[in-house]
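As stored in my_file34.pdb (PDB, C-alpha atoms):
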ATOM      1  CA  MET V   1       0.412   7.119  -7.138  1.00  0.00           C
ATOM      2  CA  GLY V   2      -1.154  10.345  -8.388  1.00  0.00           C
ATOM      3  CA  SER V   3      -2.438  11.109  -4.865  1.00  0.00           C
ATOM      4  CA  PRO V   4      -0.922  11.209  -1.357  1.00  0.00           C
ATOM      5  CA  LYS V   5      -0.354   7.676  -0.063  1.00  0.00           C
ATOM      6  CA  ALA V   6      -1.183   8.639   3.507  1.00  0.00           C
ATOM      7  CA  TRP V   7      -4.755   9.427   2.451  1.00  0.00           C
ATOM      8  CA  LEU V   8      -5.435   6.276   0.407  1.00  0.00           C
ATOM      9  CA  ASP V   9      -8.741   4.911   1.612  1.00  0.00           C
ATOM     10  CA  PHE V  10      -9.132   1.416   3.099  1.00  0.00           C
ATOM     11  CA  GLY V  11     -12.773   0.943   4.033  1.00  0.00           C
ATOM     12  CA  GLY V  12     -13.140   4.513   5.241  1.00  0.00           C
ATOM     13  CA  GLU V  13      -9.796   4.592   7.028  1.00  0.00           C
ATOM     14  CA  PRO V  14      -6.759   6.418   5.625  1.00  0.00           C
ATOM     15  CA  LEU V  15      -3.764   4.181   4.971  1.00  0.00           C
ATOM     16  CA  LEU V  16      -1.585   6.126   7.400  1.00  0.00           C
ATOM     17  CA  ALA V  17      -4.154   5.659  10.167  1.00  0.00           C
ATOM     18  CA  ARG V  18      -4.232   1.925   9.404  1.00  0.00           C
ATOM     19  CA  VAL V  19      -0.450   1.642   9.681  1.00  0.00           C
ATOM     20  CA  VAL V  20      -0.363   3.754  12.851  1.00  0.00           C
ATOM     21  CA  ARG V  21      -3.027   1.538  14.411  1.00  0.00           C
ATOM     22  CA  THR V  22      -1.040  -1.598  13.543  1.00  0.00           C
ATOM     23  CA  VAL V  23       2.218  -0.193  14.898  1.00  0.00           C
ATOM     24  CA  GLY V  24       0.389   0.887  18.052  1.00  0.00           C
ATOM     25  CA  ARG V  25      -0.488  -2.734  18.766  1.00  0.00           C
ATOM     26  CA  ALA V  26       3.224  -3.461  19.242  1.00  0.00           C
ATOM     27  CA  CYS V  27       4.868  -0.139  20.161  1.00  0.00           C
ATOM     28  CA  ALA V  28       4.346   2.951  22.271  1.00  0.00           C
ATOM     29  CA  PRO V  29       4.581   5.842  21.872  1.00  0.00           C
ATOM     30  CA  VAL V  30       3.848   6.214  18.148  1.00  0.00           C
ATOM     31  CA  ILE V  31       5.373   9.165  16.318  1.00  0.00           C
ATOM     32  CA  VAL V  32       4.542  10.165  12.735  1.00  0.00           C
ATOM     33  CA  VAL V  33       7.207  12.026  10.777  1.00  0.00           C
ATOM     34  CA  ALA V  34       5.793  14.241   8.037  1.00  0.00           C
ATOM     35  CA  ALA V  35       7.390  16.462   5.437  1.00  0.00           C
ATOM     36  CA  PRO V  36       7.260  20.231   5.961  1.00  0.00           C
ATOM     37  CA  GLY V  37       3.740  21.403   5.136  1.00  0.00           C
ATOM     38  CA  GLN V  38       2.441  17.885   4.445  1.00  0.00           C
ATOM     39  CA  ASP V  39      -1.246  17.307   5.158  1.00  0.00           C
ATOM     40  CA  VAL V  40      -1.727  14.406   7.555  1.00  0.00           C
ATOM     41  CA  PRO V  41      -5.051  12.578   7.946  1.00  0.00           C
ATOM     42  CA  PRO V  42      -6.753  12.287  11.339  1.00  0.00           C
ATOM     43  CA  LEU V  43      -4.880   9.895  13.602  1.00  0.00           C
ATOM     44  CA  PRO V  44      -5.643   8.102  16.875  1.00  0.00           C
ATOM     45  CA  PRO V  45      -5.362  10.140  20.088  1.00  0.00           C
ATOM     46  CA  GLY V  46      -1.879  10.357  21.546  1.00  0.00           C
ATOM     47  CA  VAL V  47      -0.034  10.019  18.234  1.00  0.00           C
ATOM     48  CA  ALA V  48       2.586  12.756  17.937  1.00  0.00           C
ATOM     49  CA  ILE V  49       3.380  14.402  14.599  1.00  0.00           C
ATOM     50  CA  VAL V  50       6.821  15.850  13.969  1.00  0.00           C
ATOM     51  CA  ARG V  51       8.202  17.482  10.844  1.00  0.00           C
ATOM     52  CA  ASP V  52      11.332  16.828   8.878  1.00  0.00           C
ATOM     53  CA  PRO V  53      13.520  19.921   9.197  1.00  0.00           C
ATOM     54  CA  LEU V  54      14.348  19.634   5.476  1.00  0.00           C
ATOM     55  CA  GLU V  55      12.408  18.129   2.597  1.00  0.00           C
ATOM     56  CA  GLY V  56      13.795  15.666   0.078  1.00  0.00           C
ATOM     57  CA  ARG V  57      16.607  14.230   2.215  1.00  0.00           C
ATOM     58  CA  GLY V  58      15.376  10.651   2.130  1.00  0.00           C
ATOM     59  CA  PRO V  59      14.600   8.089   4.813  1.00  0.00           C
ATOM     60  CA  LEU V  60      17.597   8.807   7.051  1.00  0.00           C
ATOM     61  CA  GLN V  61      16.329  12.363   7.612  1.00  0.00           C
ATOM     62  CA  GLY V  62      12.931  11.031   8.645  1.00  0.00           C
ATOM     63  CA  ILE V  63      14.436   8.393  10.927  1.00  0.00           C
ATOM     64  CA  ALA V  64      16.584  11.048  12.593  1.00  0.00           C
ATOM     65  CA  ALA V  65      13.567  13.297  13.166  1.00  0.00           C
ATOM     66  CA  GLY V  66      11.604  10.430  14.681  1.00  0.00           C
ATOM     67  CA  LEU V  67      14.410   9.277  16.968  1.00  0.00           C
ATOM     68  CA  ARG V  68      15.060  12.833  18.124  1.00  0.00           C
ATOM     69  CA  ALA V  69      11.374  13.337  18.930  1.00  0.00           C
ATOM     70  CA  LEU V  70      11.315  10.024  20.769  1.00  0.00           C
ATOM     71  CA  LEU V  71      14.312  10.960  22.895  1.00  0.00           C
ATOM     72  CA  ASP V  72      12.906  14.430  23.562  1.00  0.00           C
ATOM     73  CA  SER V  73       9.529  13.082  24.678  1.00  0.00           C
ATOM     74  CA  PRO V  74       8.813  12.959  28.433  1.00  0.00           C
ATOM     75  CA  GLY V  75      10.857  10.100  29.840  1.00  0.00           C
ATOM     76  CA  GLY V  76      11.978   9.134  26.344  1.00  0.00           C
ATOM     77  CA  SER V  77      15.680   9.025  27.048  1.00  0.00           C
ATOM     78  CA  GLU V  78      15.061   6.721  30.014  1.00  0.00           C
ATOM     79  CA  GLY V  79      12.195   4.476  28.957  1.00  0.00           C
ATOM     80  CA  VAL V  80      12.874   3.728  25.281  1.00  0.00           C
ATOM     81  CA  ASP V  81      16.036   2.288  23.780  1.00  0.00           C
ATOM     82  CA  ALA V  82      14.895   1.534  20.223  1.00  0.00           C
ATOM     83  CA  ALA V  83      12.230   2.353  17.663  1.00  0.00           C
ATOM     84  CA  PHE V  84      10.462   0.398  14.960  1.00  0.00           C
ATOM     85  CA  VAL V  85      10.371   2.433  11.746  1.00  0.00           C
ATOM     86  CA  SER V  86       7.652   1.931   9.135  1.00  0.00           C
ATOM     87  CA  SER V  87       6.785   3.603   5.873  1.00  0.00           C
ATOM     88  CA  THR V  88       3.286   4.976   5.299  1.00  0.00           C
ATOM     89  CA  ASP V  89       2.425   2.489   2.551  1.00  0.00           C
ATOM     90  CA  ALA V  90       2.522  -0.831   4.427  1.00  0.00           C
ATOM     91  CA  PRO V  91      -1.091  -2.064   4.595  1.00  0.00           C
ATOM     92  CA  PHE V  92      -0.084  -5.669   5.292  1.00  0.00           C
ATOM     93  CA  LEU V  93       2.151  -4.915   8.278  1.00  0.00           C
ATOM     94  CA  GLU V  94       1.741  -7.396  11.141  1.00  0.00           C
ATOM     95  CA  PRO V  95       2.667  -6.701  14.790  1.00  0.00           C
ATOM     96  CA  ALA V  96       4.371 -10.121  14.836  1.00  0.00           C
ATOM     97  CA  LEU V  97       7.011  -8.813  12.418  1.00  0.00           C
ATOM     98  CA  ILE V  98       7.738  -5.883  14.712  1.00  0.00           C
ATOM     99  CA  ALA V  99       8.145  -8.237  17.664  1.00  0.00           C
ATOM    100  CA  ARG V 100      10.392 -10.563  15.646  1.00  0.00           C
ATOM    101  CA  LEU V 101      12.715  -7.754  14.550  1.00  0.00           C
ATOM    102  CA  ALA V 102      12.912  -6.435  18.117  1.00  0.00           C
ATOM    103  CA  ALA V 103      13.857  -9.902  19.361  1.00  0.00           C
ATOM    104  CA  LEU V 104      16.502 -10.325  16.653  1.00  0.00           C
ATOM    105  CA  ARG V 105      18.072  -6.979  17.551  1.00  0.00           C
ATOM    106  CA  GLY V 106      18.170  -7.966  21.205  1.00  0.00           C
ATOM    107  CA  ASP V 107      21.066  -6.544  23.200  1.00  0.00           C
ATOM    108  CA  ASP V 108      23.757  -7.432  20.672  1.00  0.00           C
ATOM    109  CA  HIS V 109      22.800  -5.211  17.732  1.00  0.00           C
ATOM    110  CA  ASP V 110      21.860  -1.630  17.004  1.00  0.00           C
ATOM    111  CA  ILE V 111      19.693  -2.368  13.970  1.00  0.00           C
ATOM    112  CA  ALA V 112      17.610  -5.306  12.796  1.00  0.00           C
ATOM    113  CA  VAL V 113      16.662  -4.917   9.125  1.00  0.00           C
ATOM    114  CA  PRO V 114      15.033  -7.340   6.681  1.00  0.00           C
ATOM    115  CA  ASN V 115      17.396  -8.191   3.846  1.00  0.00           C
ATOM    116  CA  MET V 116      16.444 -10.244   0.814  1.00  0.00           C
ATOM    117  CA  GLY V 117      19.486 -10.652  -1.422  1.00  0.00           C
ATOM    118  CA  ASP V 118      20.568  -7.171  -2.441  1.00  0.00           C
ATOM    119  CA  HIS V 119      17.350  -5.563  -1.212  1.00  0.00           C
ATOM    120  CA  PHE V 120      17.110  -4.004   2.235  1.00  0.00           C
ATOM    121  CA  HIS V 121      13.943  -2.761   3.958  1.00  0.00           C
ATOM    122  CA  PRO V 122      15.211   0.234   5.977  1.00  0.00           C
ATOM    123  CA  LEU V 123      11.642   1.462   6.499  1.00  0.00           C
ATOM    124  CA  THR V 124      10.556  -1.808   8.092  1.00  0.00           C
ATOM    125  CA  ALA V 125      13.317  -2.101  10.665  1.00  0.00           C
ATOM    126  CA  VAL V 126      14.242  -1.572  14.312  1.00  0.00           C
ATOM    127  CA  TYR V 127      16.832   1.087  15.210  1.00  0.00           C
ATOM    128  CA  ALA V 128      18.486   1.665  18.575  1.00  0.00           C
ATOM    129  CA  CYS V 129      18.223   5.263  19.740  1.00  0.00           C
ATOM    130  CA  THR V 130      22.030   5.270  19.923  1.00  0.00           C
ATOM    131  CA  CYS V 131      22.010   5.268  16.099  1.00  0.00           C
ATOM    132  CA  LEU V 132      20.980   8.939  16.103  1.00  0.00           C
ATOM    133  CA  PRO V 133      24.475  10.518  16.230  1.00  0.00           C
ATOM    134  CA  HIS V 134      25.628   8.169  13.456  1.00  0.00           C
ATOM    135  CA  ILE V 135      22.658   9.176  11.311  1.00  0.00           C
ATOM    136  CA  GLU V 136      23.285  12.857  11.965  1.00  0.00           C
ATOM    137  CA  ALA V 137      26.937  12.441  10.944  1.00  0.00           C
ATOM    138  CA  LEU V 138      25.897  10.776   7.686  1.00  0.00           C
ATOM    139  CA  LEU V 139      23.353  13.505   6.963  1.00  0.00           C
ATOM    140  CA  ALA V 140      25.984  16.179   7.569  1.00  0.00           C
ATOM    141  CA  ALA V 141      28.235  14.423   5.056  1.00  0.00           C
ATOM    142  CA  ASP V 142      25.388  14.056   2.510  1.00  0.00           C
ATOM    143  CA  ARG V 143      25.678  10.278   2.711  1.00  0.00           C
ATOM    144  CA  LEU V 144      21.952   9.711   2.594  1.00  0.00           C
ATOM    145  CA  ARG V 145      21.608   5.998   1.851  1.00  0.00           C
ATOM    146  CA  PRO V 146      20.590   3.835   4.848  1.00  0.00           C
ATOM    147  CA  PHE V 147      23.156   1.284   3.655  1.00  0.00           C
ATOM    148  CA  PHE V 148      25.899   3.613   4.912  1.00  0.00           C
ATOM    149  CA  LEU V 149      24.403   3.440   8.408  1.00  0.00           C
ATOM    150  CA  PHE V 150      24.300  -0.360   8.356  1.00  0.00           C
ATOM    151  CA  GLY V 151      28.066  -0.359   7.876  1.00  0.00           C
ATOM    152  CA  ARG V 152      28.689   1.976  10.842  1.00  0.00           C
ATOM    153  CA  VAL V 153      26.761   0.203  13.593  1.00  0.00           C
ATOM    154  CA  ARG V 154      26.066  -3.362  14.676  1.00  0.00           C
ATOM    155  CA  THR V 155      23.448  -4.489  12.187  1.00  0.00           C
ATOM    156  CA  VAL V 156      21.752  -7.868  11.938  1.00  0.00           C
ATOM    157  CA  LEU V 157      20.465  -8.654   8.440  1.00  0.00           C
ATOM    158  CA  CYS V 158      17.300 -10.741   8.607  1.00  0.00           C
ATOM    159  CA  ASP V 159      16.420 -12.934   5.628  1.00  0.00           C
ATOM    160  CA  ASN V 160      13.116 -14.729   5.093  1.00  0.00           C
ATOM    161  CA  ALA V 161      14.214 -17.914   6.832  1.00  0.00           C
ATOM    162  CA  THR V 162      15.478 -16.030   9.876  1.00  0.00           C
ATOM    163  CA  LEU V 163      12.287 -14.022  10.195  1.00  0.00           C
ATOM    164  CA  LEU V 164       9.976 -16.992   9.704  1.00  0.00           C
ATOM    165  CA  ALA V 165      11.851 -19.141  12.223  1.00  0.00           C
ATOM    166  CA  ASP V 166       9.565 -17.411  14.725  1.00  0.00           C
ATOM    167  CA  PRO V 167       6.334 -19.451  14.893  1.00  0.00           C
ATOM    168  CA  ASP V 168       4.199 -16.424  15.742  1.00  0.00           C
ATOM    169  CA  LEU V 169       5.320 -14.564  12.618  1.00  0.00           C
ATOM    170  CA  ALA V 170       5.121 -17.703  10.477  1.00  0.00           C
ATOM    171  CA  ALA V 171       1.491 -18.120  11.536  1.00  0.00           C
ATOM    172  CA  ALA V 172       0.517 -14.445  11.173  1.00  0.00           C
ATOM    173  CA  ASP V 173       2.370 -13.626   7.954  1.00  0.00           C
ATOM    174  CA  PRO V 174       3.822 -16.706   6.212  1.00  0.00           C
ATOM    175  CA  ALA V 175       4.362 -14.834   2.941  1.00  0.00           C
ATOM    176  CA  LEU V 176       5.945 -11.830   4.718  1.00  0.00           C
ATOM    177  CA  ARG V 177       3.489  -9.458   3.130  1.00  0.00           C
ATOM    178  CA  SER V 178       4.438  -7.048   5.917  1.00  0.00           C
ATOM    179  CA  LEU V 179       7.318  -6.049   3.634  1.00  0.00           C
ATOM    180  CA  GLU V 180       5.086  -5.110   0.685  1.00  0.00           C
ATOM    181  CA  ASN V 181       4.512  -1.477  -0.239  1.00  0.00           C
ATOM    182  CA  ILE V 182       2.005   0.367  -2.395  1.00  0.00           C
ATOM    183  CA  ASN V 183       3.730   2.244  -5.192  1.00  0.00           C
ATOM    184  CA  THR V 184       1.212   2.302  -8.072  1.00  0.00           C
ATOM    185  CA  PRO V 185      -2.563   2.418  -8.553  1.00  0.00           C
ATOM    186  CA  ASP V 186      -2.407  -1.263  -9.532  1.00  0.00           C
ATOM    187  CA  ASP V 187      -0.689  -2.050  -6.205  1.00  0.00           C
ATOM    188  CA  TYR V 188      -3.480  -0.192  -4.433  1.00  0.00           C
ATOM    189  CA  ALA V 189      -6.207  -2.084  -6.262  1.00  0.00           C
ATOM    190  CA  ARG V 190      -4.540  -5.442  -5.540  1.00  0.00           C
ATOM    191  CA  ALA V 191      -4.142  -4.546  -1.874  1.00  0.00           C
ATOM    192  CA  LEU V 192      -7.825  -3.727  -1.565  1.00  0.00           C
ATOM    193  CA  ARG V 193      -8.815  -6.984  -3.231  1.00  0.00           C
ATOM    194  CA  SER V 194      -6.472  -9.159  -1.171  1.00  0.00           C
ATOM    195  CA  LEU V 195      -7.566  -7.554   2.086  1.00  0.00           C
ATOM    196  CA  GLY V 196     -11.220  -7.727   1.165  1.00  0.00           C
ATOM    197  CA  VAL V 197     -11.507  -4.023   1.919  1.00  0.00           C
ATOM    198  CA  GLY V 198     -13.599  -1.687  -0.175  1.00  0.00           C
ATOM    199  CA  VAL V 199     -13.019   1.966  -0.877  1.00  0.00           C
ATOM    200  CA  GLY V 200     -15.263   3.998   1.381  1.00  0.00           C
ATOM    201  CA  PRO V 201     -15.816   7.746   1.494  1.00  0.00           C
ATOM    202  CA  GLY V 202     -12.732   8.281   3.645  1.00  0.00           C
ATOM    203  CA  PRO V 203     -11.534  11.678   4.848  1.00  0.00           C
ATOM    204  CA  ASP V 204     -10.964  14.391   2.297  1.00  0.00           C
ATOM    205  CA  PRO V 205      -7.321  15.553   2.145  1.00  0.00           C
ATOM    206  CA  ASP V 206      -8.516  18.952   0.887  1.00  0.00           C
ATOM    207  CA  SER V 207     -11.001  19.539   3.700  1.00  0.00           C
TER     208      SER V 207
END

Encoded form (structure tokens):
Amino acid sequence: MGSPKAWLDFGGEPLLARVVRTVGRACAPVIVVAAPGQDVPPLPPGVAIVRDPLEGRGPLQGIAAGLRALLDSPGGSEGVDAAFVSSTDAPFLEPALIARLAALRGDDHDIAVPNMGDHFHPLTAVYACTCLPHIEALLAADRLRPFFLFGRVRTVLCDNATLLADPDLAAADPALRSLENINTPDDYARALRSLGVGVGPGPDPDS
């Protein structure tokens, strides 16, 4: 991108704050996992920030840090049995997708992850807290791909048809744009145009 994704401006709001606000409409508590030393834009009150213990270990390391923080939070081990995991760069995320994935996981699976052909969306998925020891074992073995986790626990793969069988999600996000990410300046420009959001002054990541 040429600049930190978390700070990308959407009408005066950093992208990370936008995603956190969306997730907060469906989940509580909300925990942000940041890299060591990473600058994080201002976030809504009550949002916890935790740090990856190591940098460059991929999404499983971040998921482990988030799940551990969730379980260590007051009452976490008793009141929460799963977490929705999102990347920073998901401006089109809809709460209805989060609810649909949670329903598909239900009591019979440990993970519900969107899967389109050979492409998985491990950073738009629901993980049971009981996945944590499996993730830690994979990290210890340097098996860093989320695909390895899907083979170790009860995972439901959710294709487009399965996701959109829910009328609430079909109405809110018929094109499943919740699964789109921003990876290039062109992606950013298209996202702004499609959302009808201009670039405002936004917070300064160097301030």

From the list V:Arg51, V:Arg154, V:Arg18, V:His134, which residue is nearest V:Val113 when using only C-alpha atoms? V:Arg154

Top pick for closest residue to V:Leu15, considering V:Asp166, V:Asp89, V:Glu136, V:Asp81 and counting all atoms listed in the file: V:Asp89

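Nearest to V:Gly196 of all the residues V:Phe10, V:Phe84, V:Phe148, V:Phe120 is V:Phe10, counting all atoms listed in the file.
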
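Residues surrounding V:Leu163 within 10 Å are Ala96, Leu97, Arg100, Leu101, Leu104, Pro114, Leu157, Cys158, Asp159, Asn160, Ala161, Ala165, Asp166, Pro167, Leu169, Ala170, Pro174 and Leu176 of chain V [all atoms listed in the file; sequence separation below 2 positions excluded].
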
Could you spell out the hits of the PyMOL selection byres ((chain V and resi 179-194) around 10) on the shown file, as a PyMOL selection string? chain V and resi 1-3+5+8-11+86-94+97+114+121+123-124+175-178+195-199

Produce a table with one row for each residue of stretch 23-42 of chain V that has an atom at most 9 Å from any atom of stretch 67-72 of chain V, each row naming the nearest atom pair and its distance in Å at one decimal; use only C-alpha atoms; arrange rows by chain and rising residue number; format as CSV.
residue,atom,partner,partner_atom,distance
V:Pro29,CA,V:Leu70,CA,8.0
V:Val30,CA,V:Leu70,CA,8.8
V:Ile31,CA,V:Leu70,CA,7.5

Start from the incomplete input, build N, CA and C atoms for stretch 46-73 of chain V, and deliver everything as a JSON list (two decimals), in the coordinates of the input.
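Everything below was put into rebuild.json:
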[["chain", "number", "residue", "atom", "x", "y", "z"],
["V", 46, "GLY", "N", -3.18, 10.66, 20.96],
["V", 46, "GLY", "CA", -1.88, 10.36, 21.55],
["V", 46, "GLY", "C", -0.76, 10.17, 20.55],
["V", 47, "VAL", "N", -1.08, 10.16, 19.25],
["V", 47, "VAL", "CA", -0.03, 10.02, 18.23],
["V", 47, "VAL", "C", 0.58, 11.39, 17.98],
["V", 48, "ALA", "N", 1.89, 11.49, 18.15],
["V", 48, "ALA", "CA", 2.59, 12.76, 17.94],
["V", 48, "ALA", "C", 2.98, 12.89, 16.47],
["V", 49, "ILE", "N", 2.95, 14.11, 15.97],
["V", 49, "ILE", "CA", 3.38, 14.40, 14.60],
["V", 49, "ILE", "C", 4.55, 15.36, 14.68],
["V", 50, "VAL", "N", 5.66, 14.98, 14.06],
["V", 50, "VAL", "CA", 6.82, 15.85, 13.97],
["V", 50, "VAL", "C", 7.14, 16.07, 12.50],
["V", 51, "ARG", "N", 7.90, 17.10, 12.22],
["V", 51, "ARG", "CA", 8.20, 17.48, 10.84],
["V", 51, "ARG", "C", 9.68, 17.32, 10.55],
["V", 52, "ASP", "N", 9.95, 16.80, 9.35],
["V", 52, "ASP", "CA", 11.33, 16.83, 8.88],
["V", 52, "ASP", "C", 11.80, 18.28, 8.85],
["V", 53, "PRO", "N", 13.04, 18.55, 9.30],
["V", 53, "PRO", "CA", 13.52, 19.92, 9.20],
["V", 53, "PRO", "C", 13.79, 20.33, 7.76],
["V", 54, "LEU", "N", 14.09, 19.36, 6.89],
["V", 54, "LEU", "CA", 14.35, 19.63, 5.48],
["V", 54, "LEU", "C", 13.60, 18.62, 4.64],
["V", 55, "GLU", "N", 13.13, 19.03, 3.48],
["V", 55, "GLU", "CA", 12.41, 18.13, 2.60],
["V", 55, "GLU", "C", 13.37, 17.51, 1.58],
["V", 56, "GLY", "N", 13.05, 16.29, 1.16],
["V", 56, "GLY", "CA", 13.80, 15.67, 0.08],
["V", 56, "GLY", "C", 15.13, 15.07, 0.48],
["V", 57, "ARG", "N", 15.33, 14.78, 1.76],
["V", 57, "ARG", "CA", 16.61, 14.23, 2.22],
["V", 57, "ARG", "C", 16.55, 12.73, 2.45],
["V", 58, "GLY", "N", 15.43, 12.10, 2.08],
["V", 58, "GLY", "CA", 15.38, 10.65, 2.13],
["V", 58, "GLY", "C", 15.05, 10.08, 3.49],
["V", 59, "PRO", "N", 15.06, 8.75, 3.59],
["V", 59, "PRO", "CA", 14.60, 8.09, 4.81],
["V", 59, "PRO", "C", 15.45, 8.37, 6.04],
["V", 60, "LEU", "N", 16.77, 8.55, 5.87],
["V", 60, "LEU", "CA", 17.60, 8.81, 7.05],
["V", 60, "LEU", "C", 17.17, 10.09, 7.77],
["V", 61, "GLN", "N", 16.78, 11.11, 6.99],
["V", 61, "GLN", "CA", 16.33, 12.36, 7.61],
["V", 61, "GLN", "C", 15.07, 12.12, 8.44],
["V", 62, "GLY", "N", 14.15, 11.33, 7.91],
["V", 62, "GLY", "CA", 12.93, 11.03, 8.64],
["V", 62, "GLY", "C", 13.20, 10.20, 9.89],
["V", 63, "ILE", "N", 14.10, 9.22, 9.76],
["V", 63, "ILE", "CA", 14.44, 8.39, 10.93],
["V", 63, "ILE", "C", 15.07, 9.25, 12.01],
["V", 64, "ALA", "N", 15.95, 10.16, 11.61],
["V", 64, "ALA", "CA", 16.58, 11.05, 12.59],
["V", 64, "ALA", "C", 15.55, 11.91, 13.31],
["V", 65, "ALA", "N", 14.60, 12.45, 12.55],
["V", 65, "ALA", "CA", 13.57, 13.30, 13.17],
["V", 65, "ALA", "C", 12.73, 12.49, 14.15],
["V", 66, "GLY", "N", 12.40, 11.26, 13.79],
["V", 66, "GLY", "CA", 11.60, 10.43, 14.68],
["V", 66, "GLY", "C", 12.36, 10.05, 15.94],
["V", 67, "LEU", "N", 13.62, 9.65, 15.80],
["V", 67, "LEU", "CA", 14.41, 9.28, 16.97],
["V", 67, "LEU", "C", 14.62, 10.47, 17.90],
["V", 68, "ARG", "N", 14.87, 11.64, 17.31],
["V", 68, "ARG", "CA", 15.06, 12.83, 18.12],
["V", 68, "ARG", "C", 13.79, 13.16, 18.90],
["V", 69, "ALA", "N", 12.64, 13.07, 18.25],
["V", 69, "ALA", "CA", 11.37, 13.34, 18.93],
["V", 69, "ALA", "C", 11.13, 12.31, 20.03],
["V", 70, "LEU", "N", 11.50, 11.07, 19.77],
["V", 70, "LEU", "CA", 11.32, 10.02, 20.77],
["V", 70, "LEU", "C", 12.17, 10.30, 22.00],
["V", 71, "LEU", "N", 13.41, 10.68, 21.77],
["V", 71, "LEU", "CA", 14.31, 10.96, 22.90],
["V", 71, "LEU", "C", 13.92, 12.23, 23.64],
["V", 72, "ASP", "N", 13.30, 13.17, 22.93],
["V", 72, "ASP", "CA", 12.91, 14.43, 23.56],
["V", 72, "ASP", "C", 11.55, 14.34, 24.25],
["V", 73, "SER", "N", 10.84, 13.23, 24.05],
["V", 73, "SER", "CA", 9.53, 13.08, 24.68],
["V", 73, "SER", "C", 9.70, 12.85, 26.18]]
